[in-house]
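Raw contents of input19.txt, compact mmCIF, C-alpha atoms:
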```txt
# COMPACT_ATOMS: atom_id res chain seq x y z
CA MET A 1 43.23 21.43 13.19
CA GLY A 2 41.09 20.81 10.27
CA LYS A 3 39.57 17.50 10.07
CA ARG A 4 40.74 15.34 7.33
CA ARG A 5 37.96 14.97 4.97
CA LYS A 6 36.68 11.46 5.13
CA LYS A 7 36.64 9.58 1.97
CA PRO A 8 33.20 8.97 0.66
CA GLN A 9 31.76 5.77 1.95
CA GLU A 10 33.35 2.95 0.03
CA SER A 11 31.12 0.16 -1.06
CA ILE A 12 31.84 -3.21 0.41
CA GLY A 13 34.27 -5.34 -1.49
CA GLU A 14 35.72 -2.74 -3.80
CA MET A 15 38.73 -4.10 -5.61
CA ASP A 16 41.58 -2.26 -7.17
CA ILE A 17 41.47 -3.62 -10.71
CA SER A 18 44.17 -1.57 -12.36
CA SER A 19 46.52 -4.54 -12.40
CA LEU A 20 43.82 -6.67 -14.00
CA ILE A 21 43.56 -4.13 -16.79
CA ASP A 22 47.31 -4.14 -17.21
CA VAL A 23 47.29 -7.91 -17.58
CA SER A 24 44.41 -7.73 -20.05
CA PHE A 25 46.33 -5.29 -22.20
CA LEU A 26 49.40 -7.46 -22.05
CA LEU A 27 47.44 -10.50 -23.15
CA LEU A 28 45.84 -8.49 -25.91
CA PHE A 29 49.13 -7.23 -27.23
CA TYR A 30 50.59 -10.69 -27.05
CA PHE A 31 47.88 -12.17 -29.25
CA LEU A 32 47.97 -9.18 -31.55
CA VAL A 33 51.67 -9.59 -32.13
CA SER A 34 51.82 -13.37 -32.28
CA SER A 35 49.01 -13.63 -34.78
CA SER A 36 51.00 -11.50 -37.21
CA LEU A 37 54.33 -13.21 -36.55
CA ILE A 38 53.29 -16.73 -37.44
CA GLU A 39 53.86 -17.33 -41.09
CA THR A 40 50.66 -18.86 -42.30
CA GLU A 41 51.01 -21.42 -45.01
CA ASN A 42 48.91 -21.58 -48.10
CA ASP A 43 48.00 -24.43 -50.38
CA LEU A 44 48.91 -25.32 -53.90
CA LYS A 45 46.41 -27.93 -54.87
CA MET A 46 47.22 -30.44 -57.56
CA ASN A 47 45.60 -33.59 -58.86
CA ILE A 48 48.31 -36.13 -59.38
CA PRO A 49 46.78 -39.35 -60.64
CA SER A 50 48.62 -42.32 -59.35
CA SER A 51 47.44 -44.73 -61.98
CA ALA A 52 47.82 -44.32 -65.70
CA PRO A 53 45.40 -42.59 -68.06
CA PRO A 54 43.15 -40.44 -65.93
CA THR A 55 40.87 -39.30 -68.72
CA SER A 56 38.19 -41.58 -69.90
CA GLU A 57 36.71 -39.25 -72.45
CA GLY A 58 38.24 -39.75 -75.85
CA PRO A 59 41.52 -38.42 -77.17
CA SER A 60 42.88 -35.51 -75.23
CA ILE A 61 45.27 -32.83 -76.21
CA GLU A 62 48.94 -33.66 -76.45
CA PRO A 63 50.33 -33.02 -72.97
CA LEU A 64 53.05 -30.51 -72.37
CA TYR A 65 56.32 -32.10 -71.28
CA ILE A 66 58.39 -30.22 -68.79
CA THR A 67 61.69 -31.38 -67.37
CA ILE A 68 63.35 -30.16 -64.20
CA ARG A 69 67.06 -30.86 -64.19
CA PRO A 70 69.09 -31.56 -61.03
CA ASN A 71 70.19 -27.96 -60.77
CA GLY A 72 66.59 -26.80 -60.93
CA ASP A 73 66.61 -25.46 -64.50
CA ILE A 74 63.40 -25.95 -66.40
CA TYR A 75 63.44 -27.43 -69.87
CA GLU A 76 60.84 -28.30 -72.45
CA GLY A 77 62.47 -31.16 -74.26
CA ASP A 78 65.93 -29.85 -75.02
CA GLN A 79 64.95 -26.25 -74.95
CA LEU A 80 65.86 -24.30 -71.84
CA LEU A 81 62.95 -22.28 -70.52
CA ASP A 82 64.04 -20.84 -67.19
CA ARG A 83 67.08 -21.07 -64.99
CA TYR A 84 66.59 -21.76 -61.30
CA ILE A 85 66.96 -18.28 -59.90
CA GLY A 86 64.58 -17.37 -57.12
CA PHE A 87 60.89 -17.96 -57.64
CA GLU A 88 60.10 -16.43 -61.00
CA VAL A 89 59.73 -18.56 -64.12
CA PRO A 90 58.60 -16.09 -66.79
CA LEU A 91 59.26 -18.18 -69.90
CA LEU A 92 57.57 -21.22 -68.45
CA SER A 93 54.61 -19.10 -67.47
CA SER A 94 54.22 -17.68 -70.95
CA ARG A 95 54.65 -21.13 -72.48
CA LEU A 96 51.92 -22.46 -70.18
CA GLU A 97 49.68 -19.53 -71.03
CA PHE A 98 50.04 -20.31 -74.71
CA TYR A 99 49.42 -24.01 -74.14
CA ASN A 100 46.40 -23.33 -71.96
CA ALA A 101 44.92 -21.01 -74.56
CA SER A 102 45.31 -23.54 -77.35
CA ALA A 103 43.83 -26.27 -75.15
CA LYS A 104 40.83 -24.11 -74.30
CA ALA A 105 40.41 -23.22 -77.96
CA THR A 106 39.99 -26.88 -78.85
CA GLY A 107 37.87 -27.47 -75.76
CA GLU A 108 40.33 -29.93 -74.26
CA GLU A 109 41.60 -30.20 -70.74
CA PRO A 110 45.23 -29.10 -70.59
CA THR A 111 47.50 -31.63 -69.00
CA VAL A 112 51.15 -31.34 -68.16
CA GLN A 113 53.68 -34.06 -67.57
CA ILE A 114 56.58 -33.11 -65.41
CA GLU A 115 59.77 -35.08 -65.27
CA VAL A 116 61.64 -34.09 -62.16
CA SER A 117 65.17 -35.02 -61.33
CA MET A 118 65.37 -36.64 -57.91
CA ALA A 119 68.16 -34.27 -56.92
CA ALA A 120 66.26 -31.10 -57.76
CA GLU A 121 65.28 -28.93 -54.83
CA ASN A 122 61.66 -28.79 -53.76
CA GLN A 123 61.62 -25.05 -54.42
CA SER A 124 62.37 -25.59 -58.10
CA PHE A 125 59.53 -28.10 -58.34
CA MET A 126 57.28 -25.66 -56.51
CA ASN A 127 58.18 -22.91 -58.97
CA VAL A 128 56.75 -25.07 -61.74
CA LEU A 129 53.65 -25.97 -59.74
CA ASN A 130 53.18 -22.32 -58.91
CA ALA A 131 53.28 -21.43 -62.59
CA LEU A 132 50.73 -24.19 -63.26
CA ALA A 133 48.48 -22.90 -60.50
CA GLY A 134 48.72 -19.45 -62.02
CA GLU A 135 47.26 -20.87 -65.22
CA GLN A 136 44.73 -22.95 -63.31
CA ILE A 137 46.13 -26.16 -64.65
CA SER A 138 45.70 -28.76 -61.96
CA GLN A 139 45.75 -31.96 -63.97
CA ILE A 140 49.35 -33.03 -63.98
CA SER A 141 51.41 -36.14 -63.78
CA VAL A 142 54.78 -36.25 -62.12
CA LEU A 143 57.63 -38.59 -62.82
CA GLY A 144 60.81 -38.68 -60.80
CA VAL A 145 63.97 -39.48 -62.71
CA GLN A 146 67.46 -40.16 -61.47
CA MET B 1 33.77 28.89 3.28
CA SER B 2 36.77 26.80 3.16
CA ARG B 3 36.92 26.81 -0.54
CA LYS B 4 36.21 29.39 -3.10
CA ASN B 5 33.92 28.46 -5.88
CA SER B 6 35.70 29.24 -9.04
CA PRO B 7 35.15 28.15 -12.57
CA LEU B 8 38.41 26.34 -12.44
CA ASN B 9 37.50 24.44 -9.39
CA GLU B 10 38.25 20.87 -10.24
CA GLU B 11 36.19 18.11 -8.89
CA ASP B 12 37.57 14.82 -8.00
CA SER B 13 36.92 13.17 -11.32
CA THR B 14 37.15 9.46 -11.62
CA MET B 15 36.65 7.94 -15.00
CA ASP B 16 34.40 4.99 -15.27
CA MET B 17 36.71 2.30 -16.63
CA SER B 18 34.24 -0.49 -17.12
CA PRO B 19 33.42 0.13 -20.82
CA MET B 20 37.10 0.17 -21.61
CA ILE B 21 37.62 -3.11 -19.85
CA ASP B 22 34.70 -4.58 -21.75
CA MET B 23 36.26 -3.46 -25.03
CA VAL B 24 39.60 -4.93 -24.07
CA PHE B 25 38.03 -8.25 -23.28
CA LEU B 26 36.09 -8.21 -26.52
CA LEU B 27 39.23 -7.55 -28.51
CA LEU B 28 41.07 -10.22 -26.60
CA VAL B 29 38.42 -12.83 -27.25
CA PHE B 30 38.35 -11.82 -30.91
CA PHE B 31 42.06 -12.42 -31.36
CA LEU B 32 41.96 -15.58 -29.30
CA VAL B 33 39.27 -17.07 -31.46
CA ASN B 34 40.81 -15.94 -34.73
CA ALA B 35 44.19 -17.26 -33.86
CA ASN B 36 42.88 -20.79 -33.56
CA MET B 37 40.69 -20.94 -36.60
CA ILE B 38 42.91 -22.80 -39.03
CA SER B 39 44.43 -25.69 -37.19
CA VAL B 40 46.87 -27.89 -38.96
CA GLN B 41 49.72 -28.85 -36.71
CA ILE B 42 52.96 -27.45 -37.96
CA ASP B 43 56.32 -29.07 -37.61
CA LYS B 44 58.56 -26.07 -37.15
CA ASN B 45 61.57 -27.76 -38.65
CA VAL B 46 60.11 -27.49 -42.11
CA LYS B 47 60.36 -24.22 -44.02
CA ALA B 48 57.83 -24.35 -46.79
CA PRO B 49 58.82 -23.19 -50.29
CA THR B 50 57.47 -20.00 -51.78
CA GLY B 51 54.60 -19.84 -54.23
CA SER B 52 52.84 -16.63 -55.15
CA ASN B 53 49.81 -18.31 -56.71
CA SER B 54 48.92 -20.22 -53.61
CA LYS B 55 45.54 -19.90 -51.98
CA PRO B 56 44.86 -19.66 -48.26
CA GLN B 57 43.87 -22.88 -46.59
CA LEU B 58 40.12 -23.03 -46.85
CA ASN B 59 39.33 -26.56 -45.96
CA VAL B 60 41.34 -28.36 -43.37
CA GLU B 61 39.37 -31.57 -43.58
CA GLY B 62 40.91 -34.84 -44.50
CA ARG B 63 44.51 -33.67 -44.56
CA ILE B 64 47.09 -36.34 -44.15
CA VAL B 65 50.03 -34.16 -43.19
CA VAL B 66 53.50 -35.43 -44.01
CA ASN B 67 56.55 -33.32 -43.24
CA ILE B 68 59.84 -33.53 -45.10
CA ARG B 69 62.76 -31.90 -43.34
CA PRO B 70 65.72 -30.31 -45.14
CA ASP B 71 67.78 -33.48 -44.80
CA GLY B 72 65.02 -35.52 -46.38
CA SER B 73 63.77 -37.27 -43.28
CA ILE B 74 60.04 -37.84 -43.30
CA TYR B 75 57.96 -37.07 -40.27
CA ASN B 76 54.36 -37.27 -39.21
CA GLU B 77 52.04 -34.33 -38.67
CA ASP B 78 53.47 -32.88 -35.49
CA GLY B 79 57.02 -33.93 -36.15
CA SER B 80 57.15 -36.37 -33.29
CA GLN B 81 57.68 -39.57 -35.21
CA ARG B 82 60.12 -40.24 -37.97
CA LEU B 83 58.67 -42.43 -40.74
CA ASP B 84 60.59 -44.98 -42.73
CA ALA B 85 59.09 -46.66 -45.79
CA ASN B 86 56.88 -49.04 -43.81
CA GLY B 87 56.07 -46.38 -41.26
CA LEU B 88 55.01 -43.99 -43.99
CA THR B 89 52.66 -46.52 -45.55
CA ASN B 90 51.17 -47.40 -42.17
CA TYR B 91 50.78 -43.77 -41.26
CA ILE B 92 48.96 -42.99 -44.49
CA THR B 93 46.75 -46.07 -44.13
CA GLU B 94 45.85 -45.17 -40.59
CA ARG B 95 45.10 -41.52 -41.34
CA LYS B 96 43.13 -42.44 -44.43
CA ALA B 97 40.96 -44.83 -42.41
CA PHE B 98 40.54 -42.16 -39.75
CA PHE B 99 39.23 -39.63 -42.24
CA GLU B 100 37.04 -42.08 -44.04
CA ASN B 101 35.39 -42.88 -40.73
CA LYS B 102 34.72 -39.21 -40.30
CA LYS B 103 33.32 -39.11 -43.83
CA GLU B 104 36.03 -36.72 -44.97
CA ARG B 105 37.84 -37.14 -48.22
CA PRO B 106 41.46 -37.93 -47.48
CA ARG B 107 44.12 -35.91 -49.28
CA LEU B 108 47.79 -35.53 -48.92
CA HIS B 109 49.11 -32.35 -47.36
CA LEU B 110 52.76 -32.35 -48.23
CA ARG B 111 54.97 -30.01 -46.22
CA GLY B 112 58.32 -30.40 -47.86
CA ASP B 113 61.16 -28.13 -46.88
CA LYS B 114 62.18 -25.86 -49.72
CA SER B 115 65.75 -27.13 -49.77
CA ALA B 116 64.94 -30.82 -49.48
CA VAL B 117 65.40 -32.69 -52.74
CA PHE B 118 62.52 -33.97 -54.79
CA ARG B 119 63.38 -37.61 -54.21
CA PHE B 120 61.60 -37.63 -50.86
CA SER B 121 58.53 -35.76 -52.07
CA GLN B 122 58.31 -38.34 -54.82
CA LYS B 123 58.47 -41.12 -52.25
CA VAL B 124 55.62 -39.64 -50.25
CA MET B 125 53.47 -38.90 -53.30
CA ALA B 126 54.03 -42.44 -54.54
CA ALA B 127 53.10 -43.92 -51.17
CA ALA B 128 49.92 -41.85 -51.11
CA GLY B 129 49.14 -42.67 -54.73
CA ALA B 130 49.52 -46.38 -54.01
CA GLN B 131 46.64 -46.01 -51.58
CA GLY B 132 44.51 -44.14 -54.04
CA ILE B 133 45.08 -40.63 -52.80
CA ASP B 134 45.30 -38.42 -55.84
CA GLU B 135 44.79 -34.98 -54.43
CA VAL B 136 47.91 -33.33 -53.12
CA MET B 137 48.11 -29.99 -51.33
CA PHE B 138 51.59 -28.58 -51.28
CA ALA B 139 52.34 -26.23 -48.43
CA VAL B 140 53.80 -22.95 -49.66
CA VAL B 141 54.20 -19.50 -48.23
CA MET B 142 53.58 -16.24 -49.98
CA PRO B 143 56.69 -14.40 -51.10
CA ASP B 144 57.86 -11.44 -49.04
CA LYS B 145 56.68 -8.22 -50.61
```
Translate this structure into structure tokens?
Amino acid sequence: MGKRRKKPQESIGEMDISSLIDVSFLLLFYFLVSSSLIETENDLKMNIPSSAPPTSEGPSIEPLYITIRPNGDIYEGDQLLDRYIGFEVPLLSSRLEFYNASAKATGEEPTVQIEVSMAAENQSFMNVLNALAGEQISQISVLGVQ
Amino acid sequence: MSRKNSPLNEEDSTMDMSPMIDMVFLLLVFFLVNANMISVQIDKNVKAPTGSNSKPQLNVEGRIVVNIRPDGSIYNEDGSQRLDANGLTNYITERKAFFENKKERPRLHLRGDKSAVFRFSQKVMAAAGAQGIDEVMFAVVMPDK
């Protein structure tokens, strides 16, 4: 009968760590997956002065008046700019671009006054703010109307 | 000889696993740390509106977080306490004092649900404005590609 070959001398206290590695991988995958699942929120930063006339330096450019109707449509005065469909507001964006350019040309700070219907959805208001952020206009005043 | 020596004779090969375990732990710690970097408590009942021109949150200091749920109810930062008009004012006062003590500039972080109506956002902005808080950060998410 052949002898069974003895195992090489095991060091004292040797631990089978394969399960530890399995757990480590599990933890790793968990954090990998969960960090991509959470929808991170971004910021749209605006300066909304609470008190009247924010500018103290001389006459400023005529502000742009935007109205958001209860159904979310965006008007400038009586002229319809964009309907509330999704997130895009192309006509408002081009109008803002034009306004911004003319403000910069005269060296004035562009300012926009937004009249928002109280019943308009937040998304419609955010569409306008998004367009403003795209033009880097952060000086705005907001008025809620019934 | 009990065993022929042949080129194909395989030894008992055991791989040294310790570098791999070290790498795993490194990766784990990396994701653990990264996952906690931006910490503003989120009330899960609020789905933020979409805005493509939004910027990632760079500075989390001084944020007075107010949540507005789809039905228009106003909640505090972690969504645990509903705020009525007085409650909202007190909450803003208290948070403003807290940040001023920490020498951080207080600003309003408005997390309004995308389908809530503007009336409630207006209420919150007015309450913050009444206490001199002019800077408002609106929470938005990037659009799906």
Residues of chain A within 9 Å of chain B, counting all atoms listed in the file, as a count of residues only:
47
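Proximity of A:Tyr75, A:Asp16, A:Arg69, A:Gln136 to Glu109 of chain A, computed with only C-alpha atoms, is greatest for A:Gln136.
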What does the distance between atom CA of Ile68 of chain A and atom CA of Asp144 of chain B come to in Å, to one decimal place?
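Distance between the two atoms: 24.7 Å.
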Can you work out the spacing between atom CA of Leu96 of chain A and atom CA of Arg83 of chain A in Å, to one decimal?
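Those two atoms sit 16.1 Å apart.
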